[in-house]
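Source file: data38.csv; contents: CSV, C-alpha atoms and all ligand atoms.
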```csv
chain,number,residue,atom,x,y,z
A,1,MET,CA,100.6,106.7,109.5
A,2,GLY,CA,97.0,106.6,110.8
A,3,GLN,CA,95.7,104.0,113.2
A,4,TYR,CA,93.9,101.1,111.6
A,5,GLN,CA,91.8,98.2,112.7
A,6,ARG,CA,91.3,96.1,109.5
A,7,ILE,CA,94.0,95.7,106.8
A,8,VAL,CA,93.7,93.9,103.5
A,9,ILE,CA,96.9,93.2,101.6
A,10,LEU,CA,96.8,92.1,97.9
A,11,THR,CA,100.0,90.7,96.4
A,12,GLY,CA,101.1,89.8,92.9
A,13,ALA,CA,104.1,88.3,91.2
A,14,GLY,CA,106.3,91.3,92.1
A,15,VAL,CA,106.4,90.2,95.8
A,16,SER,CA,108.1,86.9,94.7
A,17,ALA,CA,110.4,88.5,92.1
A,18,GLU,CA,113.2,89.0,94.6
A,19,SER,CA,113.0,85.2,95.5
A,20,GLY,CA,113.9,84.5,91.8
A,21,ILE,CA,110.5,83.7,90.4
A,22,ALA,CA,109.8,85.5,87.1
A,23,THR,CA,106.8,87.8,87.0
A,24,PHE,CA,104.4,87.6,84.1
A,25,ARG,CA,104.5,91.0,82.4
A,26,ASP,CA,108.0,92.5,83.2
A,27,ALA,CA,110.8,92.3,80.6
A,28,GLY,CA,111.8,88.6,80.6
A,29,GLY,CA,108.5,87.7,82.3
A,30,LEU,CA,106.6,84.4,81.7
A,31,TRP,CA,104.1,85.9,79.2
A,32,GLU,CA,107.0,87.2,77.0
A,33,ASN,CA,108.0,83.7,76.0
A,34,HIS,CA,104.5,82.1,76.3
A,35,ASP,CA,101.2,83.2,74.9
A,36,PRO,CA,98.9,83.0,78.0
A,37,MET,CA,96.0,81.9,75.7
A,38,GLU,CA,98.1,78.8,74.8
A,39,ILE,CA,98.8,77.9,78.4
A,40,ALA,CA,96.5,79.5,80.9
A,41,THR,CA,93.0,78.8,79.6
A,42,PRO,CA,90.7,75.7,79.8
A,43,GLU,CA,90.7,75.7,76.0
A,44,ALA,CA,94.5,75.5,75.9
A,45,PHE,CA,94.4,72.5,78.3
A,46,ALA,CA,91.8,70.7,76.1
A,47,ARG,CA,93.8,71.4,73.0
A,48,ASP,CA,97.3,70.6,74.2
A,49,PRO,CA,97.3,69.2,77.8
A,50,GLY,CA,101.0,68.1,77.5
A,51,LEU,CA,102.2,71.6,77.0
A,52,VAL,CA,100.1,72.9,79.9
A,53,TYR,CA,101.3,70.0,82.2
A,54,ARG,CA,105.0,70.7,81.3
A,55,PHE,CA,104.6,74.5,81.9
A,56,TYR,CA,103.1,74.0,85.4
A,57,ASN,CA,105.3,71.0,86.3
A,58,ALA,CA,108.4,73.2,85.6
A,59,ARG,CA,107.1,76.0,87.7
A,60,ARG,CA,106.3,73.6,90.5
A,61,GLU,CA,109.8,72.1,90.3
A,62,GLN,CA,111.2,75.6,90.5
A,63,LEU,CA,109.6,76.1,93.9
A,64,ARG,CA,112.2,73.6,95.3
A,65,ASN,CA,115.0,76.1,94.6
A,66,VAL,CA,113.6,79.3,95.9
A,67,ASP,CA,112.7,80.7,99.3
A,68,ALA,CA,110.6,83.5,100.9
A,69,ASN,CA,112.2,87.0,100.9
A,70,PRO,CA,112.0,89.9,103.4
A,71,GLY,CA,108.7,91.1,101.7
A,72,HIS,CA,106.9,87.8,102.5
A,73,ARG,CA,108.3,87.7,106.0
A,74,ALA,CA,107.3,91.3,106.7
A,75,ILE,CA,103.6,90.5,105.8
A,76,ALA,CA,103.8,87.5,108.1
A,77,ARG,CA,105.2,89.7,110.9
A,78,LEU,CA,102.3,92.1,110.4
A,79,GLN,CA,99.8,89.3,110.6
A,80,ARG,CA,101.4,88.1,113.8
A,81,GLU,CA,101.9,91.3,115.6
A,82,PHE,CA,99.2,93.7,114.5
A,83,ALA,CA,96.5,94.1,117.1
A,84,GLY,CA,93.7,94.3,114.5
A,85,GLU,CA,92.9,92.1,111.5
A,86,VAL,CA,95.2,91.5,108.5
A,87,PHE,CA,93.7,89.6,105.6
A,88,LEU,CA,96.1,88.5,102.9
A,89,VAL,CA,94.9,87.7,99.4
A,90,THR,CA,97.4,86.8,96.7
A,91,GLN,CA,97.2,86.2,93.0
A,92,ASN,CA,100.4,84.2,93.3
A,93,VAL,CA,100.3,80.4,92.9
A,94,ASP,CA,103.6,79.8,94.7
A,95,ASP,CA,103.7,79.0,98.4
A,96,LEU,CA,106.2,81.6,99.5
A,97,HIS,CA,103.8,83.5,101.8
A,98,GLU,CA,103.3,80.3,103.7
A,99,ARG,CA,107.1,79.7,103.8
A,100,GLY,CA,107.6,83.3,104.9
A,101,GLY,CA,105.4,82.5,108.0
A,102,SER,CA,101.9,83.5,106.9
A,103,GLU,CA,99.3,81.2,108.4
A,104,GLN,CA,96.3,82.8,106.6
A,105,VAL,CA,96.8,83.2,102.8
A,106,CYS,CA,93.8,83.4,100.4
A,107,HIS,CA,95.0,82.1,97.1
A,108,MET,CA,92.5,83.6,94.7
A,109,HIS,CA,94.2,82.2,91.6
A,110,GLY,CA,94.8,78.7,93.0
A,111,GLU,CA,98.1,77.0,93.9
A,112,LEU,CA,100.9,75.3,92.1
A,113,ARG,CA,101.3,72.7,94.7
A,114,ALA,CA,97.8,71.4,94.3
A,115,ALA,CA,95.9,69.3,91.7
A,116,LEU,CA,92.2,69.2,91.0
A,117,CYS,CA,90.5,66.1,89.7
A,118,LEU,CA,88.0,66.8,87.0
A,119,HIS,CA,86.3,63.4,87.5
A,120,CYS,CA,85.6,63.5,91.3
A,121,GLY,CA,86.3,67.2,92.1
A,122,ALA,CA,88.8,66.3,94.8
A,123,ARG,CA,91.8,68.6,95.5
A,124,HIS,CA,95.2,67.2,96.4
A,125,ARG,CA,98.4,68.7,97.8
A,126,THR,CA,101.3,67.7,95.7
A,127,GLU,CA,104.9,68.7,95.3
A,128,SER,CA,105.5,66.3,92.4
A,129,SER,CA,105.0,66.5,88.7
A,130,PHE,CA,101.8,65.0,87.3
A,131,ASP,CA,100.2,64.6,83.9
A,132,HIS,CA,97.4,62.8,82.0
A,133,ALA,CA,98.7,59.4,83.1
A,134,THR,CA,98.6,60.2,86.9
A,135,PRO,CA,95.7,58.6,88.6
A,136,CYS,CA,93.7,60.7,91.1
A,137,PRO,CA,94.6,59.6,94.7
A,138,ASP,CA,90.9,59.8,95.6
A,139,CYS,CA,88.9,58.2,92.7
A,140,ALA,CA,91.9,56.4,91.1
A,141,VAL,CA,90.8,57.4,87.7
A,142,SER,CA,93.6,58.8,85.4
A,143,GLY,CA,93.2,61.5,82.8
A,144,GLY,CA,91.4,64.0,85.1
A,145,LEU,CA,94.0,65.7,87.2
A,146,ARG,CA,94.7,69.3,86.2
A,147,PRO,CA,96.8,72.0,87.9
A,148,ASP,CA,94.6,73.7,90.5
A,149,ILE,CA,95.2,77.1,88.9
A,150,VAL,CA,92.5,79.6,88.0
A,151,TRP,CA,92.8,80.2,84.3
A,152,PHE,CA,91.6,83.1,82.2
A,153,GLY,CA,87.9,82.8,81.7
A,154,GLU,CA,87.4,81.0,85.1
A,155,MET,CA,86.0,82.4,88.3
A,156,PRO,CA,88.7,83.2,90.9
A,157,TYR,CA,88.4,81.4,94.2
A,158,HIS,CA,87.1,82.9,97.5
A,159,MET,CA,85.5,86.0,95.9
A,160,GLN,CA,82.7,86.2,98.6
A,161,GLU,CA,85.2,86.1,101.4
A,162,ILE,CA,87.5,88.7,99.7
A,163,ASP,CA,84.6,91.1,99.1
A,164,VAL,CA,83.5,90.9,102.8
A,165,HIS,CA,87.1,91.9,103.9
A,166,LEU,CA,87.3,94.7,101.3
A,167,ALA,CA,84.0,96.1,102.3
A,168,ARG,CA,85.1,96.6,105.9
A,169,CYS,CA,88.8,97.4,105.6
A,170,ASP,CA,90.3,100.7,106.6
A,171,LEU,CA,93.7,100.2,105.0
A,172,PHE,CA,94.3,98.5,101.6
A,173,ILE,CA,97.8,97.7,100.5
A,174,SER,CA,98.6,96.4,97.0
A,175,VAL,CA,102.1,94.9,96.4
A,176,GLY,CA,103.8,93.9,93.2
A,177,THR,CA,100.9,93.6,90.8
A,178,SER,CA,100.5,95.2,87.4
A,179,GLY,CA,96.8,96.0,87.8
A,180,GLN,CA,96.1,94.3,84.5
A,181,VAL,CA,94.0,91.4,85.6
A,182,TYR,CA,90.5,91.7,87.0
A,183,PRO,CA,88.9,91.3,89.5
A,184,ALA,CA,92.0,91.8,91.6
A,185,ALA,CA,92.8,95.1,89.7
A,186,GLY,CA,89.4,96.4,90.9
A,187,PHE,CA,90.0,95.7,94.6
A,188,VAL,CA,91.5,99.2,95.2
A,189,ARG,CA,88.2,100.8,94.1
A,190,GLU,CA,86.2,98.5,96.4
A,191,ALA,CA,88.5,99.5,99.3
A,192,LEU,CA,88.0,103.2,98.4
A,193,ALA,CA,84.3,102.7,98.4
A,194,ALA,CA,84.6,101.4,102.0
A,195,GLY,CA,86.5,104.6,102.9
A,196,ALA,CA,89.9,102.9,103.3
A,197,ASP,CA,93.3,104.5,102.9
A,198,THR,CA,95.2,102.9,100.0
A,199,ILE,CA,98.9,102.3,99.5
A,200,GLU,CA,100.6,100.7,96.5
A,201,ILE,CA,104.1,99.2,96.5
A,202,ASN,CA,105.5,98.5,93.1
A,203,LYS,CA,108.9,98.9,91.6
A,204,ASP,CA,107.2,100.8,88.7
A,205,THR,CA,103.7,102.3,88.2
A,206,SER,CA,100.8,99.9,87.6
A,207,GLY,CA,97.6,100.1,85.5
A,208,VAL,CA,95.7,101.3,88.6
A,209,SER,CA,98.4,103.5,90.4
A,210,THR,CA,96.3,106.6,90.2
A,211,TRP,CA,93.6,105.1,92.5
A,212,PHE,CA,96.0,104.9,95.4
A,213,HIS,CA,96.4,107.6,98.1
A,214,GLN,CA,100.1,106.7,98.3
A,215,GLN,CA,102.4,105.1,95.8
A,216,ARG,CA,105.7,103.8,97.1
A,217,GLN,CA,108.0,103.0,94.3
A,218,GLY,CA,110.8,100.4,94.8
A,219,PRO,CA,111.4,96.7,95.6
A,220,SER,CA,108.9,95.1,97.9
A,221,GLY,CA,111.7,93.3,99.8
A,222,GLU,CA,112.8,96.7,101.0
A,223,LEU,CA,109.6,98.7,101.2
A,224,LEU,CA,107.4,96.2,102.9
A,225,PRO,CA,109.5,95.7,106.0
A,226,ARG,CA,109.6,99.6,106.3
A,227,LEU,CA,105.9,99.9,105.9
A,228,VAL,CA,105.2,97.2,108.4
A,229,GLU,CA,107.5,99.0,111.0
A,230,GLU,CA,105.4,102.2,110.4
A,231,ILE,CA,102.1,100.4,110.9
A,232,LEU,CA,103.2,98.5,114.0
A,233,GLY,CA,104.8,101.7,115.3
A,234,ALA,CA,101.5,103.5,115.0
A,235,GLY,CA,99.5,100.7,116.8
A,236,ALA,CA,96.0,99.5,116.1
B,1,LIG,P1,102.6,90.9,86.6
B,1,LIG,O1,103.7,90.2,86.0
B,1,LIG,O2,101.5,91.3,85.6
B,1,LIG,O3,103.0,92.2,87.4
B,1,LIG,C1,104.1,92.2,88.3
B,1,LIG,C2,104.2,93.6,88.9
B,1,LIG,O4,105.2,93.5,89.9
B,1,LIG,C3,104.7,94.7,87.9
B,1,LIG,O5,103.8,95.8,88.1
B,1,LIG,C4,106.1,95.0,88.3
B,1,LIG,O6,106.4,96.4,88.2
B,1,LIG,C5,106.1,94.6,89.8
B,1,LIG,N1,107.4,94.2,90.4
B,1,LIG,C6,108.3,93.4,89.8
B,1,LIG,N2,109.3,93.2,90.7
B,1,LIG,C7,109.0,93.9,91.8
B,1,LIG,C8,109.6,94.0,93.1
B,1,LIG,N3,110.8,93.5,93.4
B,1,LIG,N4,109.0,94.8,94.0
B,1,LIG,C9,107.8,95.4,93.8
B,1,LIG,N5,107.2,95.3,92.6
B,1,LIG,C10,107.7,94.5,91.6
B,1,LIG,O7,102.0,90.0,87.7
B,1,LIG,P2,100.5,90.0,88.4
B,1,LIG,O8,100.0,91.4,88.5
B,1,LIG,O9,100.6,89.2,89.7
B,1,LIG,O10,97.2,85.0,86.4
B,1,LIG,O11,99.7,89.2,87.4
B,1,LIG,C11,98.3,89.0,87.7
B,1,LIG,C12,97.9,87.7,87.1
B,1,LIG,O12,98.2,87.7,85.7
B,1,LIG,C13,98.6,86.4,87.6
B,1,LIG,O13,98.1,85.9,88.8
B,1,LIG,C14,98.5,85.5,86.5
B,1,LIG,C15,98.8,86.4,85.3
B,1,LIG,O14,98.4,86.1,84.1
B,1,LIG,C16,96.9,83.8,85.8
B,1,LIG,O15,97.8,83.0,85.5
B,1,LIG,C17,95.5,83.5,85.6
```
As structure tokens, the full file:
Amino acid sequence: MGQYQRIVILTGAGVSAESGIATFRDAGGLWENHDPMEIATPEAFARDPGLVYRFYNARREQLRNVDANPGHRAIARLQREFAGEVFLVTQNVDDLHERGGSEQVCHMHGELRAALCLHCGARHRTESSFDHATPCPDCAVSGGLRPDIVWFGEMPYHMQEIDVHLARCDLFISVGTSGQVYPAAGFVREALAAGADTIEINKDTSGVSTWFHQQRQGPSGELLPRLVEEILGAGA
């Protein structure tokens, strides 16, 4: 393990799988029973808002019954103890990184426990279900609250900040993501262009595995704590 100064970690649904949250594209994953185009697009929300509210309300409710796993906690430990910089960017909309102890989490695909008002643009933290009838806590108008989730066809959040970190990282770690959804699937190439070492952790291969210097195959709840030990052991 080399010595590093600036690490970027990208996580996907696989990091939360051992907490009991279904991934999207594995067998039994969310997109096996739901067509993403019927749920996760602005057009789907315009066509059948009730369906979209129910889908995200159920997923928000599920967060009450799950907890962070050793993979989330290992990343938080690295952020606390590493002498250099560790920037965490996740495609996940759950809050398990935060519950695992991470203080900095960049949610590029939005958050389940947040609502966005299409009338006034305000964002609200919420752990409760909401729908068309729920008034915005800010402007009091109902009918405008939507899940604060980045849907297909929408621009992910925080892209400028993410690009800045990718352009200067010397180690890029990707965990539990299938490499099917861009721009996140392209981050490994940005990191390579910056001269970074690249490590992928996945229980399988991903669509972008061949871009990584190292591929570590297995559950992130086991492999992440081990990798974090190695990095901390090598020092910054
Ligand atoms: P996917 O469901 O596409 O991929 C999950 C990945 O995690 C797969 O490659 C699995 O092999 C791996 N995996 C599963 N369990 C694991 C474990 N215990 N340890 C390590 N790896 C494991 O999920 P994402 O790549 O996150 O976007 O999906 C990206 C985006 O597509 C999501 O953010 C979501 C989805 O459509 C939107 O909703 C806009």
**Request:** Give as a PyMOL selection string the residues surrounding ligand LIG 1 (chain B) up to a distance of 9 Å, considering only C-alpha atoms and all ligand atoms.
**Result:** chain A and resi 11-19+22-26+29-31+36+39-41+71+90-93+108-110+149-154+156+175-182+184-185+201-207+217-223
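Across A:Leu145, A:Val66, A:Val8, A:Ala122, the tightest approach to Pro49 in chain A is made by A:Leu145 when counting only C-alpha atoms.
Across the structure, CA of Leu192 in chain A and CA of His72 in chain A are spaced 24.7 Å apart.
One finds CA of Ala234 in chain A at 12.3 Å from CA of Leu78 in chain A.
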**Message:** So, with all atoms listed in the file as the atoms that count, which of A:Leu227, A:Ala46, A:Cys139, A:Ala194 lies closest to Leu166 in chain A?
**Reply:** A:Ala194
**Prompt:** If I put a ball of radius 7 Å at (102.5, 75.7, 77.7) in the file's coordinates, which residues poke into it when counting only C-alpha atoms, written as a ChimeraX atom specification?
**Reply:** /A:34,38-39,51-52,54-55
Residues within 12 Å of (100.6, 90.3, 113.4), file coords, all atoms listed in the file, listed as a PDB file with C-alpha atoms, in the coordinates of the input:
```pdb
ATOM      1  CA  GLN A   5      91.800  98.200 112.700  1.00  0.00           C
ATOM      2  CA  ARG A   6      91.300  96.100 109.500  1.00  0.00           C
ATOM      3  CA  ILE A   7      94.000  95.700 106.800  1.00  0.00           C
ATOM      4  CA  ARG A  73     108.300  87.700 106.000  1.00  0.00           C
ATOM      5  CA  ALA A  74     107.300  91.300 106.700  1.00  0.00           C
ATOM      6  CA  ILE A  75     103.600  90.500 105.800  1.00  0.00           C
ATOM      7  CA  ALA A  76     103.800  87.500 108.100  1.00  0.00           C
ATOM      8  CA  ARG A  77     105.200  89.700 110.900  1.00  0.00           C
ATOM      9  CA  LEU A  78     102.300  92.100 110.400  1.00  0.00           C
ATOM     10  CA  GLN A  79      99.800  89.300 110.600  1.00  0.00           C
ATOM     11  CA  ARG A  80     101.400  88.100 113.800  1.00  0.00           C
ATOM     12  CA  GLU A  81     101.900  91.300 115.600  1.00  0.00           C
ATOM     13  CA  PHE A  82      99.200  93.700 114.500  1.00  0.00           C
ATOM     14  CA  ALA A  83      96.500  94.100 117.100  1.00  0.00           C
ATOM     15  CA  GLY A  84      93.700  94.300 114.500  1.00  0.00           C
ATOM     16  CA  GLU A  85      92.900  92.100 111.500  1.00  0.00           C
ATOM     17  CA  VAL A  86      95.200  91.500 108.500  1.00  0.00           C
ATOM     18  CA  PHE A  87      93.700  89.600 105.600  1.00  0.00           C
ATOM     19  CA  LEU A  88      96.100  88.500 102.900  1.00  0.00           C
ATOM     20  CA  GLY A 101     105.400  82.500 108.000  1.00  0.00           C
ATOM     21  CA  SER A 102     101.900  83.500 106.900  1.00  0.00           C
ATOM     22  CA  GLU A 103      99.300  81.200 108.400  1.00  0.00           C
ATOM     23  CA  GLN A 104      96.300  82.800 106.600  1.00  0.00           C
ATOM     24  CA  VAL A 228     105.200  97.200 108.400  1.00  0.00           C
ATOM     25  CA  GLU A 229     107.500  99.000 111.000  1.00  0.00           C
ATOM     26  CA  ILE A 231     102.100 100.400 110.900  1.00  0.00           C
ATOM     27  CA  LEU A 232     103.200  98.500 114.000  1.00  0.00           C
ATOM     28  CA  GLY A 235      99.500 100.700 116.800  1.00  0.00           C
ATOM     29  CA  ALA A 236      96.000  99.500 116.100  1.00  0.00           C
TER      30      ALA A 236
END
```
**Complete:** re CA of Ile173 in chain A and CA of Glu32 in chain A: distance 27.3 Å
Using 4 Å of padding on each side, determine the axis-aligned box around all atoms of range 103-111 of chain A present in the file and give its centre and edge lengths in Å to one decimal, as JSON.
```
{"center_x": 95.9, "center_y": 80.3, "center_z": 100.0, "size_x": 14.8, "size_y": 14.6, "size_z": 24.8}
```
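In this comparison, which uses all atoms listed in the file, the residue of A:His158, A:Arg216, A:Arg47, A:Arg168 approaching Val89 in chain A most closely is A:His158.
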**Request:** Measuring atom to atom with only C-alpha atoms, identify which of A:Ala27, A:Ile21, A:Ile162, A:Leu10 is nearest to Ala68 in chain A.
**Result:** A:Ile21
